[in-house]
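**Q** Input structure-v9.cif, format and content: mmCIF, C-alpha atoms (C1' of nucleotides).
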data_final
#
loop_
_atom_site.label_atom_id
_atom_site.label_comp_id
_atom_site.auth_asym_id
_atom_site.auth_seq_id
_atom_site.Cartn_x
_atom_site.Cartn_y
_atom_site.Cartn_z
CA MET A 1 -84.46 113.71 154.31
CA PRO A 2 -86.05 111.30 151.86
CA ARG A 3 -85.39 112.54 148.38
CA ARG A 4 -86.19 109.59 146.17
CA ALA A 5 -89.55 109.24 147.86
CA LEU A 6 -90.79 112.27 145.99
CA ASP A 7 -90.72 110.25 142.77
CA ASN A 8 -93.51 108.09 144.06
CA PRO A 9 -96.77 108.33 142.07
CA LEU A 10 -98.59 108.69 145.37
CA VAL A 11 -97.22 112.20 145.63
CA LEU A 12 -99.50 113.31 142.85
CA ALA A 13 -102.43 111.51 144.40
CA VAL A 14 -101.86 113.21 147.76
CA LEU A 15 -101.57 116.63 146.20
CA GLY A 16 -104.65 115.99 144.08
CA LEU A 17 -106.74 114.81 146.99
CA LEU A 18 -105.82 117.74 149.19
CA LEU A 19 -106.78 120.08 146.38
CA GLU A 20 -110.37 119.06 147.03
CA GLY A 21 -110.03 120.07 150.66
CA PRO A 22 -107.82 119.55 153.70
CA SER A 23 -107.59 116.02 155.00
CA HIS A 24 -105.53 113.69 157.15
CA PRO A 25 -103.63 110.60 155.95
CA TYR A 26 -106.06 108.04 157.23
CA GLN A 27 -108.88 109.80 155.45
CA MET A 28 -106.85 110.02 152.25
CA LEU A 29 -106.27 106.32 152.41
CA ALA A 30 -109.98 105.65 152.54
CA ASP A 31 -110.60 108.05 149.65
CA LEU A 32 -107.91 106.53 147.50
CA GLN A 33 -109.16 103.04 148.15
CA LYS A 34 -112.69 104.02 147.24
CA ARG A 35 -111.39 105.37 143.96
CA GLY A 36 -110.23 101.88 143.19
CA SER A 37 -106.53 102.14 144.01
CA SER A 38 -105.65 98.60 144.95
CA ARG A 39 -102.45 97.65 146.75
CA LEU A 40 -101.73 100.75 148.73
CA ASN A 41 -100.14 100.53 152.10
CA ARG A 42 -100.94 102.71 155.07
CA GLY A 43 -97.36 102.96 156.28
CA THR A 44 -96.24 104.00 152.83
CA LEU A 45 -98.85 106.72 152.68
CA TYR A 46 -97.66 108.17 155.99
CA ASP A 47 -94.07 108.12 154.72
CA ILE A 48 -95.07 109.90 151.52
CA VAL A 49 -97.12 112.50 153.34
CA ASP A 50 -94.14 113.23 155.58
CA ALA A 51 -91.87 113.61 152.57
CA VAL A 52 -94.31 115.86 150.74
CA ALA A 53 -94.70 117.99 153.85
CA ALA A 54 -90.90 118.19 154.19
CA ALA A 55 -90.78 119.42 150.60
CA GLY A 56 -93.14 122.18 151.60
CA TRP A 57 -95.91 121.23 149.20
CA ILE A 58 -98.39 120.54 151.94
CA ALA A 59 -98.56 121.81 155.50
CA PRO A 60 -100.32 120.65 158.66
CA GLU A 61 -103.33 122.80 159.28
CA ASP A 62 -104.73 121.40 162.42
CA ARG A 63 -104.16 118.72 164.98
CA SER A 64 -107.62 117.86 166.09
CA ARG A 65 -108.70 114.84 167.97
CA ALA A 66 -112.07 113.26 168.39
CA GLY A 67 -112.47 111.92 171.87
CA ASN A 68 -109.27 110.35 173.08
CA ARG A 69 -108.32 108.78 169.77
CA PRO A 70 -104.90 109.37 168.31
CA GLU A 71 -104.41 112.90 167.09
CA ARG A 72 -105.02 113.35 163.45
CA THR A 73 -102.90 115.78 161.55
CA VAL A 74 -104.89 117.58 158.91
CA TYR A 75 -102.90 118.80 155.92
CA ALA A 76 -103.62 121.35 153.20
CA VAL A 77 -101.79 122.16 149.95
CA THR A 78 -99.50 125.16 149.98
CA PRO A 79 -99.13 127.51 147.02
CA SER A 80 -95.88 125.85 146.02
CA GLY A 81 -97.69 122.53 146.25
CA LEU A 82 -100.27 123.73 143.77
CA THR A 83 -97.52 124.73 141.37
CA GLU A 84 -95.87 121.36 141.78
CA LEU A 85 -99.15 119.56 141.19
CA ARG A 86 -99.67 121.42 137.93
CA ARG A 87 -96.09 120.76 136.85
CA ARG A 88 -96.41 117.04 137.43
CA LEU A 89 -99.82 116.80 135.91
CA ASP A 90 -98.68 118.57 132.79
CA GLU A 91 -95.56 116.49 132.47
CA GLN A 92 -97.22 113.15 133.05
CA ILE A 93 -99.92 113.87 130.56
CA ARG A 94 -97.56 115.14 127.87
CA THR A 95 -95.16 112.22 127.96
CA PRO A 96 -96.52 108.74 127.37
CA GLU A 97 -94.52 106.06 129.15
CA ARG A 98 -94.29 102.38 128.42
CA GLU A 99 -95.96 100.80 131.40
CA PHE A 100 -95.78 97.13 132.11
CA SER A 101 -98.93 95.62 133.46
CA ARG A 102 -99.01 92.15 134.90
CA PHE A 103 -101.05 91.03 131.94
CA LEU A 104 -98.54 92.32 129.40
CA GLY A 105 -95.84 90.43 131.25
CA ALA A 106 -97.94 87.31 131.11
CA VAL A 107 -98.93 87.36 127.44
CA SER A 108 -95.24 87.60 126.59
CA TYR A 109 -94.95 83.97 127.59
CA LEU A 110 -98.34 82.82 126.38
CA GLY A 111 -96.56 80.09 124.47
CA ALA A 112 -95.84 78.19 127.68
CA LEU A 113 -99.54 77.49 128.22
CA GLY A 114 -100.07 75.73 124.90
CA ALA A 115 -102.86 76.61 122.52
CA GLU A 116 -105.61 75.05 124.60
CA GLY A 117 -104.42 76.46 127.89
CA ALA A 118 -104.00 79.92 126.46
CA ALA A 119 -107.41 79.97 124.84
CA ASP A 120 -108.95 78.77 128.08
CA ALA A 121 -107.34 81.36 130.29
CA LEU A 122 -107.99 84.17 127.84
CA THR A 123 -111.62 83.19 127.58
CA GLU A 124 -112.07 83.46 131.31
CA ARG A 125 -110.35 86.82 131.32
CA ALA A 126 -112.70 88.02 128.61
CA GLU A 127 -115.72 86.99 130.64
CA ARG A 128 -114.53 88.67 133.80
CA LEU A 129 -113.46 91.77 131.95
CA SER A 130 -116.73 92.07 130.19
CA SER A 131 -118.83 91.83 133.33
CA ARG A 132 -116.58 94.30 135.10
CA ILE A 133 -116.89 96.73 132.25
CA ALA A 134 -120.65 96.46 132.31
CA ALA A 135 -120.76 97.10 136.05
CA ASP A 136 -118.35 100.02 135.89
CA ARG A 137 -120.23 101.57 133.01
CA GLU A 138 -123.44 101.42 134.95
CA VAL A 139 -121.92 102.99 138.04
CA LEU A 140 -120.37 105.72 135.94
CA THR A 141 -123.53 106.72 134.13
CA SER A 142 -125.55 106.67 137.31
CA ILE A 143 -123.09 108.97 139.04
CA VAL A 144 -122.95 111.40 136.16
CA SER A 145 -126.73 111.45 135.78
CA SER A 146 -126.97 112.19 139.51
CA GLY A 147 -125.41 115.55 138.76
CA VAL A 148 -121.69 115.09 139.37
CA ALA A 149 -119.66 116.99 136.78
CA ARG A 150 -118.42 114.77 133.98
CA LEU A 151 -114.92 116.18 134.38
CA HIS A 152 -114.67 114.55 137.77
CA MET A 153 -115.44 111.17 136.30
CA ILE A 154 -113.16 111.49 133.33
CA GLU A 155 -110.63 108.97 134.57
CA GLY A 156 -113.44 106.45 134.74
CA GLU A 157 -114.21 107.04 131.08
CA TYR A 158 -110.58 106.54 130.23
CA ALA A 159 -110.32 103.34 132.21
CA LEU A 160 -113.42 102.02 130.48
CA ALA A 161 -112.07 102.84 127.04
CA VAL A 162 -108.83 101.01 127.72
CA ALA A 163 -110.57 98.05 129.31
CA GLN A 164 -112.87 97.77 126.31
CA ALA A 165 -109.88 97.76 123.96
CA GLU A 166 -108.30 95.02 125.98
CA LEU A 167 -111.48 92.99 125.88
CA ASP A 168 -111.72 93.38 122.11
CA TRP A 169 -108.14 92.28 121.71
CA VAL A 170 -108.54 89.27 123.95
CA THR A 171 -111.67 88.09 122.17
CA THR A 172 -110.10 88.36 118.74
CA VAL A 173 -107.02 86.47 119.90
CA VAL A 174 -109.16 83.72 121.36
CA ALA A 175 -111.02 83.48 118.08
CA GLU A 176 -107.76 83.30 116.17
CA ILE A 177 -106.41 80.53 118.36
CA ARG A 178 -109.61 78.52 118.04
CA ALA A 179 -109.61 79.07 114.27
CA GLY A 180 -106.03 77.89 114.03
CA GLU A 181 -104.87 81.23 112.69
CA LEU A 182 -102.47 81.76 115.56
CA THR A 183 -100.29 78.71 115.63
CA TRP A 184 -97.95 77.23 118.22
CA PRO A 185 -94.45 76.75 116.79
CA MET B 1 -85.44 83.61 153.32
CA PRO B 2 -87.18 86.39 151.43
CA ARG B 3 -90.79 85.45 151.05
CA ARG B 4 -92.51 88.60 149.90
CA ALA B 5 -89.95 88.99 147.15
CA LEU B 6 -91.59 86.15 145.29
CA ASP B 7 -94.62 88.38 144.67
CA ASN B 8 -92.55 90.57 142.42
CA PRO B 9 -93.67 90.59 138.77
CA LEU B 10 -90.04 90.12 137.80
CA VAL B 11 -90.29 86.54 139.00
CA LEU B 12 -92.47 85.71 136.02
CA ALA B 13 -90.12 87.53 133.69
CA VAL B 14 -87.12 85.61 134.99
CA LEU B 15 -88.87 82.26 134.67
CA GLY B 16 -90.09 83.19 131.22
CA LEU B 17 -86.70 84.26 129.98
CA LEU B 18 -84.97 81.17 131.26
CA LEU B 19 -87.53 79.05 129.49
CA GLU B 20 -85.96 80.17 126.24
CA GLY B 21 -82.59 78.94 127.43
CA PRO B 22 -80.16 79.16 130.36
CA SER B 23 -78.81 82.59 131.11
CA HIS B 24 -77.16 84.71 133.76
CA PRO B 25 -78.64 87.78 135.47
CA TYR B 26 -76.66 90.35 133.57
CA GLN B 27 -77.76 88.82 130.31
CA MET B 28 -81.38 88.73 131.46
CA LEU B 29 -81.18 92.39 132.26
CA ALA B 30 -80.08 93.19 128.73
CA ASP B 31 -82.84 91.00 127.28
CA LEU B 32 -85.53 92.53 129.44
CA GLN B 33 -84.40 96.02 128.60
CA LYS B 34 -84.43 95.27 124.89
CA ARG B 35 -88.00 94.10 125.27
CA GLY B 36 -88.85 97.57 126.40
CA SER B 37 -89.02 97.08 130.15
CA SER B 38 -88.21 100.50 131.48
CA ARG B 39 -87.30 101.15 135.12
CA LEU B 40 -85.63 97.92 136.09
CA ASN B 41 -82.75 97.90 138.47
CA ARG B 42 -79.78 95.59 138.29
CA GLY B 43 -79.52 95.10 142.02
CA THR B 44 -83.19 94.21 142.18
CA LEU B 45 -82.80 91.63 139.47
CA TYR B 46 -79.99 89.92 141.36
CA ASP B 47 -82.12 89.91 144.51
CA ILE B 48 -85.05 88.37 142.66
CA VAL B 49 -82.89 85.76 140.99
CA ASP B 50 -81.52 84.78 144.39
CA ALA B 51 -85.01 84.49 145.81
CA VAL B 52 -86.27 82.46 142.87
CA ALA B 53 -83.29 80.17 143.15
CA ALA B 54 -83.91 79.78 146.90
CA ALA B 55 -87.46 78.77 146.05
CA GLY B 56 -86.04 76.05 143.86
CA TRP B 57 -87.63 77.27 140.64
CA ILE B 58 -84.31 77.89 138.96
CA ALA B 59 -80.90 76.42 139.64
CA PRO B 60 -77.35 77.46 138.79
CA GLU B 61 -76.07 75.39 135.91
CA ASP B 62 -72.64 76.66 135.41
CA ARG B 63 -70.17 79.16 136.78
CA SER B 64 -68.20 80.11 133.74
CA ARG B 65 -65.94 83.05 133.39
CA ALA B 66 -64.64 84.75 130.29
CA GLY B 67 -61.09 85.86 130.88
CA ASN B 68 -60.65 87.18 134.37
CA ARG B 69 -64.00 88.94 134.54
CA PRO B 70 -66.32 88.30 137.43
CA GLU B 71 -67.78 84.84 137.36
CA ARG B 72 -71.18 84.63 135.85
CA THR B 73 -73.66 82.24 137.27
CA VAL B 74 -75.80 80.69 134.60
CA TYR B 75 -79.25 79.56 135.71
CA ALA B 76 -81.81 77.24 134.19
CA VAL B 77 -85.45 76.56 135.10
CA THR B 78 -86.15 73.46 137.14
CA PRO B 79 -89.21 71.27 136.63
CA SER B 80 -90.93 72.87 139.61
CA GLY B 81 -90.08 76.23 138.09
CA LEU B 82 -91.88 75.31 134.92
CA THR B 83 -94.94 74.32 136.92
CA GLU B 84 -94.80 77.58 138.80
CA LEU B 85 -94.46 79.56 135.59
CA ARG B 86 -97.55 77.92 134.15
CA ARG B 87 -99.46 78.48 137.37
CA ARG B 88 -98.66 82.18 137.44
CA LEU B 89 -99.25 82.67 133.76
CA ASP B 90 -102.63 81.05 133.97
CA GLU B 91 -103.65 83.00 137.03
CA GLN B 92 -102.51 86.36 135.77
CA ILE B 93 -104.23 85.91 132.48
CA ARG B 94 -107.49 84.71 134.00
CA THR B 95 -107.89 87.50 136.53
CA PRO B 96 -107.94 91.08 135.29
CA GLU B 97 -106.58 93.52 137.82
CA ARG B 98 -107.16 97.21 138.10
CA GLU B 99 -103.79 98.68 137.34
CA PHE B 100 -102.94 102.29 137.92
CA SER B 101 -100.78 103.88 135.33
CA ARG B 102 -99.21 107.26 135.81
CA PHE B 103 -101.49 108.66 133.18
CA LEU B 104 -104.63 107.40 134.88
CA GLY B 105 -103.45 109.04 138.08
CA ALA B 106 -102.91 112.27 136.23
CA VAL B 107 -106.21 112.49 134.34
CA SER B 108 -107.99 112.12 137.66
CA TYR B 109 -106.94 115.66 138.41
CA LEU B 110 -107.18 117.04 134.92
CA GLY B 111 -109.34 119.80 136.33
CA ALA B 112 -106.35 121.48 137.94
CA LEU B 113 -104.86 122.31 134.56
CA GLY B 114 -107.83 124.29 133.31
CA ALA B 115 -109.48 123.69 129.93
CA GLU B 116 -106.69 125.26 127.91
CA GLY B 117 -103.87 123.62 129.82
CA ALA B 118 -105.53 120.22 129.65
CA ALA B 119 -106.21 120.43 125.94
CA ASP B 120 -102.63 121.51 125.35
CA ALA B 121 -101.03 118.71 127.30
CA LEU B 122 -103.36 116.09 125.87
CA THR B 123 -102.64 117.27 122.35
CA GLU B 124 -98.94 116.78 122.86
CA ARG B 125 -99.52 113.34 124.29
CA ALA B 126 -101.58 112.43 121.26
CA GLU B 127 -98.80 113.49 118.93
CA ARG B 128 -96.15 111.55 120.77
CA LEU B 129 -98.34 108.52 121.14
CA SER B 130 -99.22 108.49 117.51
CA SER B 131 -95.64 108.63 116.31
CA ARG B 132 -94.64 105.96 118.77
CA ILE B 133 -97.43 103.72 117.59
CA ALA B 134 -96.37 104.18 113.98
CA ALA B 135 -92.77 103.31 114.81
CA ASP B 136 -93.69 100.28 116.90
CA ARG B 137 -96.06 99.00 114.25
CA GLU B 138 -93.36 99.18 111.65
CA VAL B 139 -90.85 97.35 113.82
CA LEU B 140 -93.40 94.68 114.60
CA THR B 141 -94.39 93.96 111.02
CA SER B 142 -90.78 93.90 109.89
CA ILE B 143 -89.88 91.37 112.56
CA VAL B 144 -92.81 89.14 111.80
CA SER B 145 -92.20 89.29 108.06
CA SER B 146 -88.59 88.32 108.73
CA GLY B 147 -89.88 84.94 109.82
CA VAL B 148 -90.24 85.18 113.61
CA ALA B 149 -93.34 83.36 114.80
CA ARG B 150 -96.24 85.69 115.42
CA LEU B 151 -96.84 84.09 118.81
CA HIS B 152 -93.54 85.49 120.02
CA MET B 153 -94.60 88.98 119.11
CA ILE B 154 -98.08 88.74 120.54
CA GLU B 155 -97.38 91.07 123.44
CA GLY B 156 -96.39 93.70 120.92
CA GLU B 157 -99.74 93.39 119.23
CA TYR B 158 -101.48 93.77 122.55
CA ALA B 159 -99.47 96.83 123.49
CA LEU B 160 -100.28 98.38 120.16
CA ALA B 161 -103.98 97.73 120.52
CA VAL B 162 -104.07 99.35 123.94
CA ALA B 163 -101.95 102.29 122.85
CA GLN B 164 -104.24 102.87 119.89
CA ALA B 165 -107.27 102.88 122.18
CA GLU B 166 -105.58 105.42 124.41
CA LEU B 167 -104.78 107.59 121.43
CA ASP B 168 -108.36 107.45 120.24
CA TRP B 169 -109.64 108.40 123.65
CA VAL B 170 -107.22 111.28 124.03
CA THR B 171 -108.08 112.72 120.64
CA THR B 172 -111.81 112.60 121.26
CA VAL B 173 -111.39 114.25 124.66
CA VAL B 174 -109.30 117.01 123.12
CA ALA B 175 -111.98 117.53 120.51
CA GLU B 176 -114.65 117.68 123.20
CA ILE B 177 -112.75 120.23 125.22
CA ARG B 178 -112.16 122.40 122.19
CA ALA B 179 -115.82 122.11 121.18
CA GLY B 180 -116.92 123.12 124.68
CA GLU B 181 -118.65 119.79 125.24
CA LEU B 182 -116.53 118.95 128.24
CA THR B 183 -116.88 121.89 130.57
CA TRP B 184 -114.93 123.09 133.60
CA PRO B 185 -117.15 123.52 136.63
"C1'" DG C 1 -47.63 101.26 125.84
"C1'" DT C 2 -50.69 104.09 128.18
"C1'" DG C 3 -54.69 106.93 128.67
"C1'" DG C 4 -59.40 107.08 127.95
"C1'" DC C 5 -63.98 105.04 127.14
"C1'" DG C 6 -67.72 101.65 126.77
"C1'" DT C 7 -69.21 97.05 128.12
"C1'" DT C 8 -69.39 93.11 131.22
"C1'" DA C 9 -70.69 91.46 135.89
"C1'" DG C 10 -71.65 91.74 140.46
"C1'" DT C 11 -71.75 93.62 145.49
"C1'" DC C 12 -73.37 96.24 149.34
"C1'" DG C 13 -74.87 99.97 152.35
"C1'" DA C 14 -78.63 103.30 152.21
"C1'" DA C 15 -83.34 104.38 151.26
"C1'" DA C 16 -88.06 103.13 150.56
"C1'" DT C 17 -91.84 100.11 151.42
"C1'" DC C 18 -94.44 96.96 153.85
"C1'" DG C 19 -97.56 94.98 157.22
"C1'" DA C 20 -98.00 93.51 161.91
"C1'" DC C 21 -98.74 95.79 166.07
"C1'" DT C 22 -100.77 99.22 169.49
"C1'" DG C 23 -104.46 101.25 171.64
"C1'" DA C 24 -108.50 103.90 171.82
"C1'" DT C 25 -113.74 104.34 170.78
"C1'" DA C 26 -118.40 102.76 169.56
"C1'" DG C 27 -121.69 99.45 168.84
"C1'" DT C 28 -123.61 94.77 169.50
"C1'" DT C 29 -124.08 90.24 171.71
"C1'" DT C 30 -124.62 87.10 175.60
"C1'" DA D 1 -121.75 94.58 182.45
"C1'" DA D 2 -118.43 91.76 180.49
"C1'" DA D 3 -117.01 90.20 176.04
"C1'" DC D 4 -116.63 90.62 171.34
"C1'" DT D 5 -116.08 93.03 166.95
"C1'" DA D 6 -115.34 96.77 163.75
"C1'" DT D 7 -113.38 101.18 162.70
"C1'" DC D 8 -110.13 104.92 163.57
"C1'" DA D 9 -105.25 106.48 163.46
"C1'" DG D 10 -100.70 105.92 163.63
"C1'" DT D 11 -95.86 103.78 164.66
"C1'" DC D 12 -91.87 101.00 163.88
"C1'" DG D 13 -88.84 97.09 162.99
"C1'" DA D 14 -88.19 93.93 159.17
"C1'" DT D 15 -87.95 93.30 154.27
"C1'" DT D 16 -87.30 94.87 149.71
"C1'" DT D 17 -85.49 97.83 146.32
"C1'" DC D 18 -82.29 101.06 144.69
"C1'" DG D 19 -78.15 102.96 142.67
"C1'" DA D 20 -73.42 104.06 143.45
"C1'" DC D 21 -69.34 101.56 143.59
"C1'" DT D 22 -65.69 98.06 142.19
"C1'" DA D 23 -63.01 95.86 138.93
"C1'" DA D 24 -61.53 93.54 134.87
"C1'" DC D 25 -61.55 93.48 129.80
"C1'" DG D 26 -61.32 95.16 124.86
"C1'" DC D 27 -60.56 98.57 121.66
"C1'" DC D 28 -59.08 102.79 119.68
"C1'" DA D 29 -56.19 106.71 119.36
"C1'" DC D 30 -52.09 109.28 120.23
#
Just give me the structure of the file as structure tokens.
**A**
Amino acid sequence: MPRRALDNPLVLAVLGLLLEGPSHPYQMLADLQKRGSSRLNRGTLYDIVDAVAAAGWIAPEDRSRAGNRPERTVYAVTPSGLTELRRRLDEQIRTPEREFSRFLGAVSYLGALGAEGAADALTERAERLSSRIAADREVLTSIVSSGVARLHMIEGEYALAVAQAELDWVTTVVAEIRAGELTWP
Amino acid sequence: MPRRALDNPLVLAVLGLLLEGPSHPYQMLADLQKRGSSRLNRGTLYDIVDAVAAAGWIAPEDRSRAGNRPERTVYAVTPSGLTELRRRLDEQIRTPEREFSRFLGAVSYLGALGAEGAADALTERAERLSSRIAADREVLTSIVSSGVARLHMIEGEYALAVAQAELDWVTTVVAEIRAGELTWP
DNA sequence: GTGGCGTTAGTCGAAATCGACTGATAGTTT
DNA sequence: AAACTATCAGTCGATTTCGACTAACGCCAC
């Protein structure tokens, strides 16, 4: 009985997805990937779904098959699963955690690139970030104006806000390096 | 020969730490933890160090022991390790990745908490965030004014900037919910 | 001086995660 | 119609990560 597996952040994602309607793992994978979740392994998802089912938070609803393809097991959230979802949601929103992104890990050792190298790399990041932000913003507004409730796009707004802050920071740092205000010891 | 292990973000951290001087895993662990890195397992660190050493990017320098305690193997970066560090640094700074924090995962399903519940939880987050930001800011300025080069604290500045952006976003969303501008469908 | 407690340092079996593989269907070339 | 490719769905052995354990030291109190 996998116990530690229930710590996985995917648990929340699975519960959340199933809240919008019953689904099977393969489908969930596609949904999660469309919502941008990079690096997410199929095998892992099946393991998590099994663990969540063992915990009683979701239950198989149906074992349909289309044609002679492998059976697909369709799951739905149970009442206790709904409670658990709310509990986790509440807790994870209330308590901010220090998360360590790849980028944060990298800037820690910015010194090793030298002033030039650092300014260079940061400049490219700024460019990429800024075009990604523009694209995302466009997608977001077009979806919302097509009638989808803003609440369902709220995580997109958050991501944009954070990305914009990062962009601002990167551009000011580049400026400081170029102006000689941030010096290499 | 562990190959995938070299993808681990800890690899960069190990290389970066050793750049500041030779050290042994247990010491690195303490350093990394002091720099705020939460969730970081000792066993994992030893595994990574082994893998990095097998890749030839670091090499044992010394096997000293204090008293009759377990030997400690002191590692130092090799020339090829320095190259690799620069390569990774450059790449990770240049290419922004979509990272998925716990919080982002949670806001995606904010709906499940209801307007009241959401506003409540977000309010608490805002409070905690804001006091943490104040504390961090103070620590940062005191360190810099004590003579440590600003470049070595740059990741702290970045973290603060992002945290502040998150705080701003959370407070505006709370205000919108309370004002009935963000509605529950 | 010995009993307890916190720190130093590392090891190792168990648990979680990954990704390559299977094997079927549907559509498109050749 | 055989051959090729893409998508659907899941399984399973190999790899990675975890955390409980060992064990020695230093220090303080009783």
**Q** I need the residue nearest chain B from this list: A:Gly81, A:Gly43, A:Gly180, A:Gly105. Use all atoms listed in the file for the distance.
**A** A:Gly105
**Q** Hey, which bits of chain B sit within 8 Å of chain A, and for each residue what's the closest pair of atoms and how far apart in Å (one decimal), counting only C-alpha atoms, rows by chain and increasing number, as CSV?
**A**
residue,atom,partner,partner_atom,distance
B:Pro9,CA,A:Arg102,CA,6.8
B:Leu12,CA,A:Gly105,CA,7.5
B:Ala13,CA,A:Gly105,CA,6.9
B:Gly16,CA,A:Tyr109,CA,6.1
B:Gly36,CA,A:Arg98,CA,7.5
B:Ser37,CA,A:Phe100,CA,7.0
B:Ser38,CA,A:Arg98,CA,7.1
B:Arg86,CA,A:Leu113,CA,6.3
B:Leu89,CA,A:Ala106,CA,5.5
B:Asp90,CA,A:Ala121,CA,6.0
B:Glu91,CA,A:Ala121,CA,7.9
B:Gln92,CA,A:Phe103,CA,6.2
B:Ile93,CA,A:Ala121,CA,5.9
B:Arg94,CA,A:Arg125,CA,4.5
B:Thr95,CA,A:Arg125,CA,5.8
B:Pro96,CA,A:Arg125,CA,6.3
B:Arg98,CA,A:Ser38,CA,7.2
B:Glu99,CA,A:Ser101,CA,6.9
B:Phe100,CA,A:Ser37,CA,7.1
B:Ser101,CA,A:Glu99,CA,6.9
B:Arg102,CA,A:Gln92,CA,6.8
B:Phe103,CA,A:Ile93,CA,6.0
B:Leu104,CA,A:Glu155,CA,6.2
B:Gly105,CA,A:Ala13,CA,6.9
B:Ala106,CA,A:Leu89,CA,5.5
B:Val107,CA,A:Glu155,CA,5.7
B:Ser108,CA,A:Glu155,CA,5.1
B:Tyr109,CA,A:Gly16,CA,6.1
B:Leu110,CA,A:Leu89,CA,7.4
B:Gly111,CA,A:Leu151,CA,6.9
B:Ala112,CA,A:Arg86,CA,6.7
B:Leu113,CA,A:Arg86,CA,6.3
B:Gly117,CA,A:Asp90,CA,7.8
B:Ala118,CA,A:Asp90,CA,7.7
B:Ala121,CA,A:Arg94,CA,5.0
B:Leu122,CA,A:Arg94,CA,6.2
B:Thr123,CA,A:Arg94,CA,7.8
B:Glu124,CA,A:Arg94,CA,5.4
B:Arg125,CA,A:Arg94,CA,4.5
B:Arg128,CA,A:Pro96,CA,7.2
B:Leu129,CA,A:Pro96,CA,6.5
B:Ala149,CA,A:Pro185,CA,7.0
B:Arg150,CA,A:Leu182,CA,7.4
B:Leu151,CA,A:Leu182,CA,6.9
B:His152,CA,A:Ser108,CA,7.1
B:Met153,CA,A:Ser108,CA,7.6
B:Ile154,CA,A:Ser108,CA,6.8
B:Glu155,CA,A:Ser108,CA,5.2
B:Tyr158,CA,A:Trp169,CA,6.9
B:Ala159,CA,A:Leu104,CA,7.5
B:Ala161,CA,A:Ala165,CA,6.8
B:Val162,CA,A:Ala165,CA,6.0
B:Ala165,CA,A:Ala165,CA,6.0
B:Glu166,CA,A:Val162,CA,6.4
B:Trp169,CA,A:Tyr158,CA,6.9
B:Leu182,CA,A:Leu151,CA,6.9
B:Thr183,CA,A:Leu151,CA,7.1
B:Trp184,CA,A:Leu151,CA,7.0
B:Pro185,CA,A:Ala149,CA,7.0
**Q** List, as a list in words, every residue that the PyMOL selection byres ((chain D and resi 28) around 10) selects in the file provided.
**A**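 Selected by the PyMOL selection byres ((chain D and resi 28) around 10) in this file: DG4 and DC5 of chain C; DG26, DC27, DA29 and DC30 of chain D.
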**Q** Run the PyMOL selection byres ((chain C) within 9 of (chain A)) against the file shown and list the residues it catches, as number ranges by chain.
**A** C: 15-19, 23-25
**Q** Using all atoms listed in the file and a distance of at most 9 Å, pull out the residues of chain D that contact chain A, as number ranges by chain.
**A** D: 8-11
**Q** Could you turn the residues from that selection into a file that holds C-alpha atoms (C1' of nucleotides), as a tab-separated table (two decimals), keeping the file's coordinate frame?
**A**
chain	number	residue	atom	x	y	z
D	8	DC	C1'	-110.13	104.92	163.57
D	9	DA	C1'	-105.25	106.48	163.46
D	10	DG	C1'	-100.70	105.92	163.63
D	11	DT	C1'	-95.86	103.78	164.66
**Q** Could you work out how far CA of Asp136 in chain A lies from C1' of DT7 in chain D, giving the answer in Å with one decimal?
**A**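 For C1' of DT7 in chain D relative to CA of Asp136 in chain A, the distance reads 27.3 Å.
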**Q** Expand the PyMOL selection byres ((chain B and resi 74-76) around 6) into the individual residues it matches in the shown file, reporting them as a ChimeraX atom specification.
**A** /B:18,22-24,58-62,73,77
**Q** Between CA of Glu84 in chain B and C1' of DT16 in chain D, what is the distance in Å, rounded to a tenth?
**A**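 Atom-to-atom, CA of Glu84 in chain B to C1' of DT16 in chain D, that is 21.8 Å.
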**Q** Just to confirm, what's the straight-line distance from CA of Arg137 in chain A to CA of Ala119 in chain A in Å (one decimal)?
**A**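 Distance between the two atoms: 26.4 Å.
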**Q** For DT28 in chain C, work out the shell of residues within 10 Å, counting only C-alpha atoms (C1' of nucleotides) and skipping chain neighbours fewer than 2 positions away, then give it as a compact mmCIF listing (two decimals) with C-alpha atoms (C1' of nucleotides), in the frame of the given file.
**A**
# COMPACT_ATOMS: atom_id res chain seq x y z
C1' DA C 26 -118.40 102.76 169.56
C1' DT C 30 -124.62 87.10 175.60
C1' DC D 4 -116.63 90.62 171.34
C1' DT D 5 -116.08 93.03 166.95
